[in-house]
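Student: Dropping in coords-v6.cif, with mmCIF, N, CA and C atoms.
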data_my_file
loop_
_atom_site.label_atom_id
_atom_site.label_comp_id
_atom_site.auth_asym_id
_atom_site.auth_seq_id
_atom_site.Cartn_x
_atom_site.Cartn_y
_atom_site.Cartn_z
N MET A 1 -99.67 -7.30 -136.63
CA MET A 1 -100.19 -8.58 -136.17
C MET A 1 -99.59 -9.06 -134.85
N PRO A 2 -98.34 -8.83 -134.54
CA PRO A 2 -97.79 -9.32 -133.29
C PRO A 2 -98.57 -8.84 -132.07
N VAL A 3 -99.15 -7.64 -132.14
CA VAL A 3 -99.92 -7.13 -131.02
C VAL A 3 -101.14 -8.02 -130.77
N LEU A 4 -101.81 -8.45 -131.83
CA LEU A 4 -102.97 -9.32 -131.67
C LEU A 4 -102.58 -10.65 -131.05
N LYS A 5 -101.46 -11.19 -131.46
CA LYS A 5 -101.04 -12.46 -130.90
C LYS A 5 -100.76 -12.33 -129.41
N LEU A 6 -100.20 -11.21 -129.01
CA LEU A 6 -99.88 -11.00 -127.60
C LEU A 6 -101.14 -10.84 -126.75
N ARG A 7 -102.16 -10.20 -127.29
CA ARG A 7 -103.37 -9.93 -126.51
C ARG A 7 -104.12 -11.21 -126.14
N HIS A 8 -104.12 -12.20 -127.00
CA HIS A 8 -104.86 -13.42 -126.69
C HIS A 8 -104.29 -14.12 -125.46
N PRO A 9 -102.98 -14.31 -125.34
CA PRO A 9 -102.45 -14.92 -124.12
C PRO A 9 -102.73 -14.07 -122.89
N VAL A 10 -102.72 -12.75 -123.05
CA VAL A 10 -103.02 -11.88 -121.91
C VAL A 10 -104.46 -12.10 -121.48
N PHE A 11 -105.37 -12.19 -122.44
CA PHE A 11 -106.77 -12.43 -122.11
C PHE A 11 -106.92 -13.78 -121.40
N ALA A 12 -106.20 -14.78 -121.86
CA ALA A 12 -106.25 -16.09 -121.21
C ALA A 12 -105.76 -16.00 -119.77
N LEU A 13 -104.72 -15.22 -119.53
CA LEU A 13 -104.23 -15.05 -118.16
C LEU A 13 -105.24 -14.33 -117.28
N VAL A 14 -105.90 -13.32 -117.85
CA VAL A 14 -106.95 -12.61 -117.11
C VAL A 14 -108.07 -13.58 -116.74
N LEU A 15 -108.45 -14.42 -117.70
CA LEU A 15 -109.51 -15.39 -117.42
C LEU A 15 -109.10 -16.36 -116.32
N LEU A 16 -107.89 -16.84 -116.38
CA LEU A 16 -107.42 -17.78 -115.37
C LEU A 16 -107.38 -17.13 -113.99
N ALA A 17 -106.91 -15.90 -113.92
CA ALA A 17 -106.87 -15.20 -112.63
C ALA A 17 -108.28 -15.00 -112.09
N ALA A 18 -109.19 -14.58 -112.94
CA ALA A 18 -110.57 -14.38 -112.51
C ALA A 18 -111.22 -15.69 -112.11
N ALA A 19 -110.87 -16.75 -112.80
CA ALA A 19 -111.45 -18.07 -112.51
C ALA A 19 -111.14 -18.51 -111.10
N SER A 20 -109.99 -18.14 -110.59
CA SER A 20 -109.64 -18.57 -109.24
C SER A 20 -110.37 -17.76 -108.18
N LEU A 21 -110.94 -16.62 -108.55
CA LEU A 21 -111.56 -15.73 -107.58
C LEU A 21 -113.08 -15.80 -107.55
N ALA A 22 -113.69 -16.18 -108.63
CA ALA A 22 -115.15 -16.11 -108.74
C ALA A 22 -115.78 -17.49 -108.78
N ARG A 23 -117.06 -17.52 -108.48
CA ARG A 23 -117.79 -18.79 -108.52
C ARG A 23 -118.09 -19.16 -109.96
N ALA A 24 -118.39 -20.41 -110.22
CA ALA A 24 -118.74 -20.85 -111.57
C ALA A 24 -120.09 -21.53 -111.52
N GLU A 25 -121.10 -20.77 -111.38
CA GLU A 25 -122.45 -21.28 -111.36
C GLU A 25 -123.37 -20.12 -111.67
N PRO A 26 -124.55 -20.30 -112.04
CA PRO A 26 -125.28 -21.54 -112.27
C PRO A 26 -125.10 -22.04 -113.70
N ASP A 27 -125.54 -23.28 -113.90
CA ASP A 27 -125.51 -23.92 -115.20
C ASP A 27 -126.93 -24.04 -115.74
N LEU A 28 -127.03 -24.15 -117.05
CA LEU A 28 -128.30 -24.42 -117.72
C LEU A 28 -128.10 -25.57 -118.69
N ALA A 29 -129.04 -26.49 -118.72
CA ALA A 29 -129.02 -27.53 -119.75
C ALA A 29 -129.40 -26.87 -121.07
N ALA A 30 -128.91 -27.42 -122.16
CA ALA A 30 -129.17 -26.84 -123.47
C ALA A 30 -130.67 -26.65 -123.76
N PRO A 31 -131.54 -27.64 -123.46
CA PRO A 31 -132.97 -27.42 -123.73
C PRO A 31 -133.56 -26.27 -122.91
N ASP A 32 -133.09 -26.11 -121.67
CA ASP A 32 -133.58 -25.02 -120.83
C ASP A 32 -133.12 -23.67 -121.39
N ALA A 33 -131.88 -23.62 -121.87
CA ALA A 33 -131.37 -22.39 -122.49
C ALA A 33 -132.17 -22.07 -123.74
N ALA A 34 -132.44 -23.07 -124.57
CA ALA A 34 -133.21 -22.84 -125.81
C ALA A 34 -134.59 -22.30 -125.49
N ALA A 35 -135.24 -22.86 -124.47
CA ALA A 35 -136.58 -22.40 -124.08
C ALA A 35 -136.54 -20.97 -123.55
N ALA A 36 -135.52 -20.65 -122.75
CA ALA A 36 -135.39 -19.31 -122.18
C ALA A 36 -135.13 -18.28 -123.27
N VAL A 37 -134.32 -18.63 -124.26
CA VAL A 37 -134.05 -17.73 -125.39
C VAL A 37 -135.33 -17.51 -126.19
N ALA A 38 -136.03 -18.60 -126.49
CA ALA A 38 -137.28 -18.50 -127.27
C ALA A 38 -138.33 -17.65 -126.55
N ALA A 39 -138.32 -17.70 -125.21
CA ALA A 39 -139.29 -16.94 -124.43
C ALA A 39 -138.82 -15.50 -124.18
N GLY A 40 -137.63 -15.17 -124.64
CA GLY A 40 -137.10 -13.82 -124.44
C GLY A 40 -136.64 -13.54 -123.03
N LYS A 41 -136.35 -14.59 -122.27
CA LYS A 41 -135.95 -14.42 -120.87
C LYS A 41 -134.45 -14.33 -120.66
N ILE A 42 -133.68 -14.65 -121.68
CA ILE A 42 -132.23 -14.68 -121.53
C ILE A 42 -131.58 -14.38 -122.88
N THR A 43 -130.39 -13.81 -122.84
CA THR A 43 -129.61 -13.60 -124.06
C THR A 43 -128.55 -14.68 -124.13
N LEU A 44 -128.55 -15.45 -125.20
CA LEU A 44 -127.56 -16.50 -125.39
C LEU A 44 -126.37 -15.91 -126.13
N ILE A 45 -125.18 -16.09 -125.55
CA ILE A 45 -123.95 -15.55 -126.13
C ILE A 45 -123.04 -16.72 -126.52
N ASP A 46 -122.76 -16.83 -127.81
CA ASP A 46 -121.85 -17.86 -128.30
C ASP A 46 -120.45 -17.24 -128.34
N ILE A 47 -119.54 -17.75 -127.49
CA ILE A 47 -118.21 -17.16 -127.34
C ILE A 47 -117.15 -17.86 -128.20
N ARG A 48 -117.58 -18.78 -129.06
CA ARG A 48 -116.61 -19.49 -129.90
C ARG A 48 -116.02 -18.54 -130.95
N THR A 49 -115.18 -19.07 -131.79
CA THR A 49 -114.52 -18.28 -132.81
C THR A 49 -115.28 -18.37 -134.14
N PRO A 50 -115.05 -17.41 -135.05
CA PRO A 50 -115.73 -17.45 -136.35
C PRO A 50 -115.60 -18.77 -137.11
N PRO A 51 -114.42 -19.41 -137.14
CA PRO A 51 -114.38 -20.71 -137.83
C PRO A 51 -115.30 -21.75 -137.19
N GLU A 52 -115.45 -21.71 -135.86
CA GLU A 52 -116.35 -22.65 -135.19
C GLU A 52 -117.80 -22.35 -135.52
N TRP A 53 -118.16 -21.08 -135.56
CA TRP A 53 -119.53 -20.71 -135.92
C TRP A 53 -119.85 -21.20 -137.32
N LYS A 54 -118.89 -21.03 -138.22
CA LYS A 54 -119.10 -21.44 -139.61
C LYS A 54 -119.22 -22.95 -139.72
N GLU A 55 -118.41 -23.67 -138.95
CA GLU A 55 -118.39 -25.13 -139.02
C GLU A 55 -119.70 -25.77 -138.60
N THR A 56 -120.28 -25.32 -137.49
CA THR A 56 -121.46 -25.99 -136.94
C THR A 56 -122.74 -25.18 -137.05
N GLY A 57 -122.62 -23.90 -137.39
CA GLY A 57 -123.76 -23.01 -137.25
C GLY A 57 -123.84 -22.56 -135.80
N VAL A 58 -124.82 -21.74 -135.50
CA VAL A 58 -124.97 -21.22 -134.14
C VAL A 58 -126.38 -21.52 -133.64
N ALA A 59 -126.48 -21.61 -132.33
CA ALA A 59 -127.78 -21.83 -131.72
C ALA A 59 -128.73 -20.70 -132.12
N ARG A 60 -129.96 -21.06 -132.45
CA ARG A 60 -130.93 -20.05 -132.87
C ARG A 60 -131.06 -18.98 -131.78
N GLY A 61 -130.95 -17.73 -132.21
CA GLY A 61 -131.10 -16.61 -131.30
C GLY A 61 -129.83 -16.17 -130.60
N ALA A 62 -128.74 -16.91 -130.79
CA ALA A 62 -127.49 -16.57 -130.10
C ALA A 62 -126.88 -15.31 -130.68
N LYS A 63 -126.29 -14.53 -129.79
CA LYS A 63 -125.48 -13.38 -130.18
C LYS A 63 -124.03 -13.85 -130.21
N LEU A 64 -123.26 -13.39 -131.16
CA LEU A 64 -121.89 -13.86 -131.34
C LEU A 64 -120.89 -12.86 -130.78
N VAL A 65 -120.06 -13.33 -129.84
CA VAL A 65 -118.99 -12.51 -129.27
C VAL A 65 -117.76 -13.41 -129.14
N ASN A 66 -116.84 -13.27 -130.07
CA ASN A 66 -115.62 -14.07 -130.09
C ASN A 66 -114.81 -13.80 -128.83
N MET A 67 -114.58 -14.83 -128.02
CA MET A 67 -113.83 -14.61 -126.78
C MET A 67 -112.38 -14.22 -127.06
N LEU A 68 -111.87 -14.49 -128.25
CA LEU A 68 -110.52 -14.08 -128.62
C LEU A 68 -110.58 -12.72 -129.33
N HIS A 69 -111.16 -11.79 -128.65
CA HIS A 69 -111.37 -10.45 -129.20
C HIS A 69 -110.03 -9.78 -129.48
N PRO A 70 -109.90 -9.09 -130.62
CA PRO A 70 -108.62 -8.45 -130.95
C PRO A 70 -108.17 -7.42 -129.92
N GLN A 71 -109.09 -6.90 -129.12
CA GLN A 71 -108.74 -5.92 -128.09
C GLN A 71 -108.68 -6.56 -126.71
N GLY A 72 -108.54 -7.87 -126.65
CA GLY A 72 -108.37 -8.57 -125.38
C GLY A 72 -109.62 -8.57 -124.52
N ALA A 73 -109.42 -8.70 -123.21
CA ALA A 73 -110.53 -8.83 -122.26
C ALA A 73 -111.44 -7.61 -122.29
N ALA A 74 -110.86 -6.42 -122.37
CA ALA A 74 -111.68 -5.20 -122.39
C ALA A 74 -112.54 -5.16 -123.64
N GLY A 75 -111.98 -5.54 -124.79
CA GLY A 75 -112.75 -5.56 -126.02
C GLY A 75 -113.88 -6.58 -125.97
N PHE A 76 -113.57 -7.76 -125.42
CA PHE A 76 -114.60 -8.79 -125.27
C PHE A 76 -115.73 -8.28 -124.38
N THR A 77 -115.36 -7.70 -123.23
CA THR A 77 -116.35 -7.21 -122.28
C THR A 77 -117.21 -6.12 -122.92
N ASN A 78 -116.59 -5.19 -123.63
CA ASN A 78 -117.35 -4.12 -124.29
C ASN A 78 -118.27 -4.67 -125.37
N ALA A 79 -117.81 -5.65 -126.13
CA ALA A 79 -118.66 -6.27 -127.17
C ALA A 79 -119.85 -6.96 -126.53
N LEU A 80 -119.63 -7.62 -125.41
CA LEU A 80 -120.72 -8.28 -124.71
C LEU A 80 -121.70 -7.25 -124.15
N LEU A 81 -121.17 -6.17 -123.58
CA LEU A 81 -122.05 -5.12 -123.06
C LEU A 81 -122.92 -4.53 -124.17
N GLU A 82 -122.40 -4.42 -125.38
CA GLU A 82 -123.22 -3.95 -126.50
C GLU A 82 -124.39 -4.87 -126.74
N LYS A 83 -124.16 -6.18 -126.61
CA LYS A 83 -125.23 -7.16 -126.87
C LYS A 83 -126.34 -7.08 -125.83
N VAL A 84 -126.01 -6.62 -124.60
CA VAL A 84 -127.01 -6.55 -123.52
C VAL A 84 -127.34 -5.09 -123.17
N LYS A 85 -127.06 -4.19 -124.09
CA LYS A 85 -127.39 -2.76 -123.94
C LYS A 85 -126.82 -2.17 -122.66
N GLY A 86 -125.59 -2.60 -122.32
CA GLY A 86 -124.88 -2.03 -121.17
C GLY A 86 -125.33 -2.54 -119.81
N ASP A 87 -126.22 -3.50 -119.77
CA ASP A 87 -126.80 -3.98 -118.51
C ASP A 87 -126.05 -5.19 -117.96
N ARG A 88 -125.19 -4.97 -116.97
CA ARG A 88 -124.45 -6.07 -116.34
C ARG A 88 -125.35 -6.99 -115.52
N GLY A 89 -126.58 -6.59 -115.30
CA GLY A 89 -127.54 -7.43 -114.58
C GLY A 89 -128.46 -8.23 -115.48
N ALA A 90 -128.32 -8.05 -116.78
CA ALA A 90 -129.16 -8.78 -117.73
C ALA A 90 -128.82 -10.26 -117.68
N PRO A 91 -129.83 -11.13 -117.70
CA PRO A 91 -129.54 -12.57 -117.71
C PRO A 91 -128.94 -13.00 -119.04
N ILE A 92 -127.76 -13.63 -118.97
CA ILE A 92 -127.10 -14.13 -120.17
C ILE A 92 -126.70 -15.58 -119.94
N ALA A 93 -126.69 -16.33 -121.02
CA ALA A 93 -126.21 -17.72 -120.98
C ALA A 93 -125.07 -17.81 -122.00
N LEU A 94 -123.98 -18.41 -121.58
CA LEU A 94 -122.81 -18.57 -122.43
C LEU A 94 -122.76 -19.97 -123.01
N ILE A 95 -122.39 -20.07 -124.28
CA ILE A 95 -122.22 -21.38 -124.90
C ILE A 95 -120.94 -21.39 -125.72
N CYS A 96 -120.23 -22.51 -125.67
CA CYS A 96 -119.04 -22.73 -126.50
C CYS A 96 -119.16 -24.15 -127.06
N ARG A 97 -118.06 -24.78 -127.39
CA ARG A 97 -118.13 -26.13 -127.96
C ARG A 97 -118.49 -27.17 -126.91
N THR A 98 -117.78 -27.19 -125.77
CA THR A 98 -118.01 -28.24 -124.77
C THR A 98 -118.20 -27.73 -123.34
N GLY A 99 -118.27 -26.44 -123.14
CA GLY A 99 -118.49 -25.91 -121.80
C GLY A 99 -117.24 -25.56 -121.02
N ASN A 100 -116.08 -25.85 -121.56
CA ASN A 100 -114.84 -25.53 -120.85
C ASN A 100 -114.57 -24.02 -120.87
N ARG A 101 -114.58 -23.43 -122.04
CA ARG A 101 -114.31 -22.00 -122.16
C ARG A 101 -115.39 -21.18 -121.48
N THR A 102 -116.64 -21.62 -121.57
CA THR A 102 -117.71 -20.86 -120.94
C THR A 102 -117.57 -20.84 -119.43
N THR A 103 -117.05 -21.91 -118.86
CA THR A 103 -116.82 -21.92 -117.41
C THR A 103 -115.84 -20.83 -117.02
N GLN A 104 -114.75 -20.70 -117.78
CA GLN A 104 -113.75 -19.67 -117.49
C GLN A 104 -114.31 -18.27 -117.74
N VAL A 105 -115.02 -18.09 -118.83
CA VAL A 105 -115.58 -16.78 -119.16
C VAL A 105 -116.67 -16.41 -118.16
N GLN A 106 -117.45 -17.37 -117.72
CA GLN A 106 -118.48 -17.11 -116.71
C GLN A 106 -117.83 -16.54 -115.45
N ARG A 107 -116.78 -17.16 -115.00
CA ARG A 107 -116.08 -16.67 -113.80
C ARG A 107 -115.53 -15.27 -114.02
N TYR A 108 -114.94 -15.06 -115.18
CA TYR A 108 -114.40 -13.74 -115.50
C TYR A 108 -115.50 -12.69 -115.46
N LEU A 109 -116.62 -12.96 -116.13
CA LEU A 109 -117.70 -11.97 -116.18
C LEU A 109 -118.25 -11.69 -114.79
N GLN A 110 -118.38 -12.71 -113.97
CA GLN A 110 -118.83 -12.50 -112.59
C GLN A 110 -117.85 -11.62 -111.83
N SER A 111 -116.57 -11.80 -112.10
CA SER A 111 -115.55 -11.01 -111.38
C SER A 111 -115.54 -9.54 -111.80
N VAL A 112 -116.11 -9.23 -112.97
CA VAL A 112 -116.17 -7.84 -113.42
C VAL A 112 -117.58 -7.26 -113.33
N GLY A 113 -118.43 -7.89 -112.52
CA GLY A 113 -119.71 -7.30 -112.16
C GLY A 113 -120.95 -7.78 -112.87
N PHE A 114 -120.85 -8.76 -113.74
CA PHE A 114 -122.07 -9.33 -114.33
C PHE A 114 -122.72 -10.22 -113.27
N THR A 115 -124.03 -10.08 -113.10
CA THR A 115 -124.68 -10.75 -111.96
C THR A 115 -125.54 -11.95 -112.32
N GLN A 116 -125.92 -12.09 -113.59
CA GLN A 116 -126.77 -13.23 -113.99
C GLN A 116 -126.15 -13.93 -115.19
N VAL A 117 -125.09 -14.68 -114.93
CA VAL A 117 -124.35 -15.35 -115.99
C VAL A 117 -124.53 -16.86 -115.85
N TYR A 118 -125.19 -17.45 -116.81
CA TYR A 118 -125.44 -18.89 -116.82
C TYR A 118 -124.50 -19.57 -117.81
N ASN A 119 -124.21 -20.82 -117.56
CA ASN A 119 -123.29 -21.58 -118.40
C ASN A 119 -124.04 -22.77 -119.01
N VAL A 120 -124.07 -22.83 -120.33
CA VAL A 120 -124.61 -24.00 -121.01
C VAL A 120 -123.44 -24.98 -121.08
N LYS A 121 -123.26 -25.70 -119.98
CA LYS A 121 -122.05 -26.48 -119.75
C LYS A 121 -121.85 -27.63 -120.73
N GLU A 122 -122.91 -28.12 -121.34
CA GLU A 122 -122.74 -29.20 -122.32
C GLU A 122 -122.32 -28.66 -123.68
N GLY A 123 -122.46 -27.36 -123.89
CA GLY A 123 -121.99 -26.73 -125.11
C GLY A 123 -122.75 -27.16 -126.35
N MET A 124 -122.15 -26.84 -127.48
CA MET A 124 -122.74 -27.20 -128.77
C MET A 124 -122.51 -28.68 -129.08
N ALA A 125 -121.32 -29.19 -128.77
CA ALA A 125 -120.93 -30.54 -129.18
C ALA A 125 -121.14 -31.61 -128.11
N GLY A 126 -121.42 -31.21 -126.89
CA GLY A 126 -121.60 -32.17 -125.83
C GLY A 126 -120.37 -32.32 -124.96
N SER A 127 -120.62 -32.77 -123.74
CA SER A 127 -119.56 -32.98 -122.75
C SER A 127 -120.10 -33.92 -121.68
N ALA A 128 -119.37 -34.06 -120.61
CA ALA A 128 -119.85 -34.89 -119.50
C ALA A 128 -121.16 -34.34 -118.93
N ALA A 129 -121.42 -33.06 -119.16
CA ALA A 129 -122.63 -32.43 -118.64
C ALA A 129 -123.88 -32.76 -119.45
N GLY A 130 -123.71 -33.29 -120.66
CA GLY A 130 -124.87 -33.61 -121.49
C GLY A 130 -124.49 -33.75 -122.94
N PRO A 131 -125.43 -34.17 -123.78
CA PRO A 131 -125.12 -34.46 -125.18
C PRO A 131 -124.85 -33.23 -126.05
N GLY A 132 -125.24 -32.06 -125.60
CA GLY A 132 -124.96 -30.85 -126.36
C GLY A 132 -126.11 -30.40 -127.25
N TRP A 133 -126.04 -29.16 -127.63
CA TRP A 133 -127.08 -28.50 -128.43
C TRP A 133 -127.34 -29.26 -129.72
N LEU A 134 -126.27 -29.62 -130.42
CA LEU A 134 -126.43 -30.25 -131.73
C LEU A 134 -127.05 -31.64 -131.64
N LYS A 135 -126.53 -32.49 -130.76
CA LYS A 135 -127.06 -33.86 -130.64
C LYS A 135 -128.47 -33.88 -130.08
N ARG A 136 -128.84 -32.86 -129.36
CA ARG A 136 -130.22 -32.77 -128.85
C ARG A 136 -131.18 -32.31 -129.94
N GLY A 137 -130.65 -31.91 -131.09
CA GLY A 137 -131.50 -31.46 -132.18
C GLY A 137 -132.14 -30.11 -131.96
N LEU A 138 -131.52 -29.28 -131.13
CA LEU A 138 -132.06 -27.95 -130.88
C LEU A 138 -131.79 -27.06 -132.10
N PRO A 139 -132.58 -26.01 -132.26
CA PRO A 139 -132.48 -25.21 -133.49
C PRO A 139 -131.14 -24.52 -133.68
N VAL A 140 -130.64 -24.60 -134.90
CA VAL A 140 -129.35 -24.01 -135.29
C VAL A 140 -129.56 -23.18 -136.55
N GLU A 141 -128.83 -22.06 -136.62
CA GLU A 141 -128.88 -21.20 -137.79
C GLU A 141 -127.50 -21.18 -138.45
N THR A 142 -127.47 -21.02 -139.75
CA THR A 142 -126.21 -20.88 -140.46
C THR A 142 -125.61 -19.53 -140.10
N CYS A 143 -124.31 -19.53 -139.87
CA CYS A 143 -123.62 -18.29 -139.55
C CYS A 143 -123.27 -17.59 -140.85
N THR A 144 -123.79 -16.39 -141.03
CA THR A 144 -123.52 -15.66 -142.27
C THR A 144 -122.87 -14.30 -142.03
N SER A 145 -123.13 -13.67 -140.88
CA SER A 145 -122.69 -12.29 -140.71
C SER A 145 -121.27 -12.12 -140.18
N GLN A 146 -120.83 -12.94 -139.26
CA GLN A 146 -119.53 -12.74 -138.62
C GLN A 146 -118.56 -13.88 -138.87
N CYS A 147 -118.82 -14.72 -139.82
CA CYS A 147 -117.99 -15.91 -140.02
C CYS A 147 -116.91 -15.71 -141.05
#
Show me, as structure tokens, the structure contained in the file I just sent.

Tutor:
Amino acid sequence: MPVLKLRHPVFALVLLAAASLARAEPDLAAPDAAAAVAAGKITLIDIRTPPEWKETGVARGAKLVNMLHPQGAAGFTNALLEKVKGDRGAPIALICRTGNRTTQVQRYLQSVGFTQVYNVKEGMAGSAAGPGWLKRGLPVETCTSQC
């Protein structure tokens, strides 16, 4: 277990370093993300943790990739690549609780070659960017597989 504990802080440091180097844009409002997912134009990636998925459910159609991956940044990146069939150019939208973590992960992904990374900055619970997926009444599914 000590190895897992060490990897999370390392991943956080990688994210912070990447955040200072890459841009953090573009953003998507939650309703726009929901419409794009429903139309098959974007892959929504929920980067929260399993307890968070269980607590609130997940946005309909979201793929789950825990940003605190046991294998650190490389494991997270590989798990995400699996969700988009290895295509770093595939349009993806990131969602977390309030948009803070997604901003950092967006920058990280851009720094490692992902070219179409959108941020649902209001997140599931809302933030200064907007009321959030849940308060907007957008579709949510119960988390059953990875929670």

Student: Give as a list in words the residues that the PyMOL selection byres ((chain A and resi 117) around 6) matches when applied to the coordinates above.

Tutor: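 With the PyMOL selection byres ((chain A and resi 117) around 6) on this model, the match is Glu25, Pro26, Pro91, Ile92, Ala93, Leu94, Phe114, Thr115, Gln116, Tyr118 and Asn119 of chain A.
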
Student: From the options A:Lys41, A:Thr77, A:Trp53, A:Gly72, which residue's atoms come nearest to Leu109 (chain A), counting only N, CA and C atoms?

Tutor: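 Closest residue, counting only N, CA and C atoms: A:Thr77.
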
Student: Got a sec: who's within 12 Å of Gln146 (chain A), counting only C-alpha atoms, leaving out chain neighbours fewer than 3 positions off, as a PyMOL selection string?

Tutor: chain A and resi 46+48-54+57-58+63-66+142-143

Student: Would you please give, as a compact mmCIF listing (two decimals) with N, CA and C atoms, in the frame of the given file, all residues of region 18-107 of chain A that DSSP assigns to alpha helix (DSSP H) based on the backbone?

Tutor:
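Listed below is the output, states_27.txt:
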# COMPACT_ATOMS: atom_id res chain seq x y z
N ALA A 18 -109.19 -14.58 -112.94
CA ALA A 18 -110.57 -14.38 -112.51
C ALA A 18 -111.22 -15.69 -112.11
N ALA A 19 -110.87 -16.75 -112.80
CA ALA A 19 -111.45 -18.07 -112.51
C ALA A 19 -111.14 -18.51 -111.10
N SER A 20 -109.99 -18.14 -110.59
CA SER A 20 -109.64 -18.57 -109.24
C SER A 20 -110.37 -17.76 -108.18
N LEU A 21 -110.94 -16.62 -108.55
CA LEU A 21 -111.56 -15.73 -107.58
C LEU A 21 -113.08 -15.80 -107.55
N ALA A 30 -128.91 -27.42 -122.16
CA ALA A 30 -129.17 -26.84 -123.47
C ALA A 30 -130.67 -26.65 -123.76
N PRO A 31 -131.54 -27.64 -123.46
CA PRO A 31 -132.97 -27.42 -123.73
C PRO A 31 -133.56 -26.27 -122.91
N ASP A 32 -133.09 -26.11 -121.67
CA ASP A 32 -133.58 -25.02 -120.83
C ASP A 32 -133.12 -23.67 -121.39
N ALA A 33 -131.88 -23.62 -121.87
CA ALA A 33 -131.37 -22.39 -122.49
C ALA A 33 -132.17 -22.07 -123.74
N ALA A 34 -132.44 -23.07 -124.57
CA ALA A 34 -133.21 -22.84 -125.81
C ALA A 34 -134.59 -22.30 -125.49
N ALA A 35 -135.24 -22.86 -124.47
CA ALA A 35 -136.58 -22.40 -124.08
C ALA A 35 -136.54 -20.97 -123.55
N ALA A 36 -135.52 -20.65 -122.75
CA ALA A 36 -135.39 -19.31 -122.18
C ALA A 36 -135.13 -18.28 -123.27
N VAL A 37 -134.32 -18.63 -124.26
CA VAL A 37 -134.05 -17.73 -125.39
C VAL A 37 -135.33 -17.51 -126.19
N ALA A 38 -136.03 -18.60 -126.49
CA ALA A 38 -137.28 -18.50 -127.27
C ALA A 38 -138.33 -17.65 -126.55
N PRO A 50 -115.05 -17.41 -135.05
CA PRO A 50 -115.73 -17.45 -136.35
C PRO A 50 -115.60 -18.77 -137.11
N PRO A 51 -114.42 -19.41 -137.14
CA PRO A 51 -114.38 -20.71 -137.83
C PRO A 51 -115.30 -21.75 -137.19
N GLU A 52 -115.45 -21.71 -135.86
CA GLU A 52 -116.35 -22.65 -135.19
C GLU A 52 -117.80 -22.35 -135.52
N TRP A 53 -118.16 -21.08 -135.56
CA TRP A 53 -119.53 -20.71 -135.92
C TRP A 53 -119.85 -21.20 -137.32
N LYS A 54 -118.89 -21.03 -138.22
CA LYS A 54 -119.10 -21.44 -139.61
C LYS A 54 -119.22 -22.95 -139.72
N GLU A 55 -118.41 -23.67 -138.95
CA GLU A 55 -118.39 -25.13 -139.02
C GLU A 55 -119.70 -25.77 -138.60
N THR A 56 -120.28 -25.32 -137.49
CA THR A 56 -121.46 -25.99 -136.94
C THR A 56 -122.74 -25.18 -137.05
N GLY A 72 -108.54 -7.87 -126.65
CA GLY A 72 -108.37 -8.57 -125.38
C GLY A 72 -109.62 -8.57 -124.52
N ALA A 73 -109.42 -8.70 -123.21
CA ALA A 73 -110.53 -8.83 -122.26
C ALA A 73 -111.44 -7.61 -122.29
N ALA A 74 -110.86 -6.42 -122.37
CA ALA A 74 -111.68 -5.20 -122.39
C ALA A 74 -112.54 -5.16 -123.64
N GLY A 75 -111.98 -5.54 -124.79
CA GLY A 75 -112.75 -5.56 -126.02
C GLY A 75 -113.88 -6.58 -125.97
N PHE A 76 -113.57 -7.76 -125.42
CA PHE A 76 -114.60 -8.79 -125.27
C PHE A 76 -115.73 -8.28 -124.38
N THR A 77 -115.36 -7.70 -123.23
CA THR A 77 -116.35 -7.21 -122.28
C THR A 77 -117.21 -6.12 -122.92
N ASN A 78 -116.59 -5.19 -123.63
CA ASN A 78 -117.35 -4.12 -124.29
C ASN A 78 -118.27 -4.67 -125.37
N ALA A 79 -117.81 -5.65 -126.13
CA ALA A 79 -118.66 -6.27 -127.17
C ALA A 79 -119.85 -6.96 -126.53
N LEU A 80 -119.63 -7.62 -125.41
CA LEU A 80 -120.72 -8.28 -124.71
C LEU A 80 -121.70 -7.25 -124.15
N LEU A 81 -121.17 -6.17 -123.58
CA LEU A 81 -122.05 -5.12 -123.06
C LEU A 81 -122.92 -4.53 -124.17
N GLU A 82 -122.40 -4.42 -125.38
CA GLU A 82 -123.22 -3.95 -126.50
C GLU A 82 -124.39 -4.87 -126.74
N LYS A 83 -124.16 -6.18 -126.61
CA LYS A 83 -125.23 -7.16 -126.87
C LYS A 83 -126.34 -7.08 -125.83
N ASN A 100 -116.08 -25.85 -121.56
CA ASN A 100 -114.84 -25.53 -120.85
C ASN A 100 -114.57 -24.02 -120.87
N ARG A 101 -114.58 -23.43 -122.04
CA ARG A 101 -114.31 -22.00 -122.16
C ARG A 101 -115.39 -21.18 -121.48
N THR A 102 -116.64 -21.62 -121.57
CA THR A 102 -117.71 -20.86 -120.94
C THR A 102 -117.57 -20.84 -119.43
N THR A 103 -117.05 -21.91 -118.86
CA THR A 103 -116.82 -21.92 -117.41
C THR A 103 -115.84 -20.83 -117.02
N GLN A 104 -114.75 -20.70 -117.78
CA GLN A 104 -113.75 -19.67 -117.49
C GLN A 104 -114.31 -18.27 -117.74
N VAL A 105 -115.02 -18.09 -118.83
CA VAL A 105 -115.58 -16.78 -119.16
C VAL A 105 -116.67 -16.41 -118.16
N GLN A 106 -117.45 -17.37 -117.72
CA GLN A 106 -118.48 -17.11 -116.71
C GLN A 106 -117.83 -16.54 -115.45
N ARG A 107 -116.78 -17.16 -115.00
CA ARG A 107 -116.08 -16.67 -113.80
C ARG A 107 -115.53 -15.27 -114.02

Student: Starting from the shown file, work through the PyMOL selection byres (((chain A and resi 60 and name CA) around 10) and name CA) and note down what comes out as a list in words.

Tutor: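 This file gives the following for the PyMOL selection byres (((chain A and resi 60 and name CA) around 10) and name CA): Ala34, Val37, Ala38, Leu44, Gly57, Val58, Ala59, Gly61, Ala62, Lys63, Leu138, Pro139, Val140, Glu141 and Thr142 of chain A.
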
Student: Pull the strand (DSSP E or B) assignments for chain A out of DSSP run on the backbone, and list those residues as an NGL selection string.

Tutor: :A and (27 or 43-46 or 58-59 or 63-64 or 92-95 or 117-119 or 127 or 130 or 140-141)

Student: Work out how far apart CA of Gly132 (chain A) and CA of Ala33 (chain A) are and give it in Å to one decimal.

Tutor: 11.3 Å
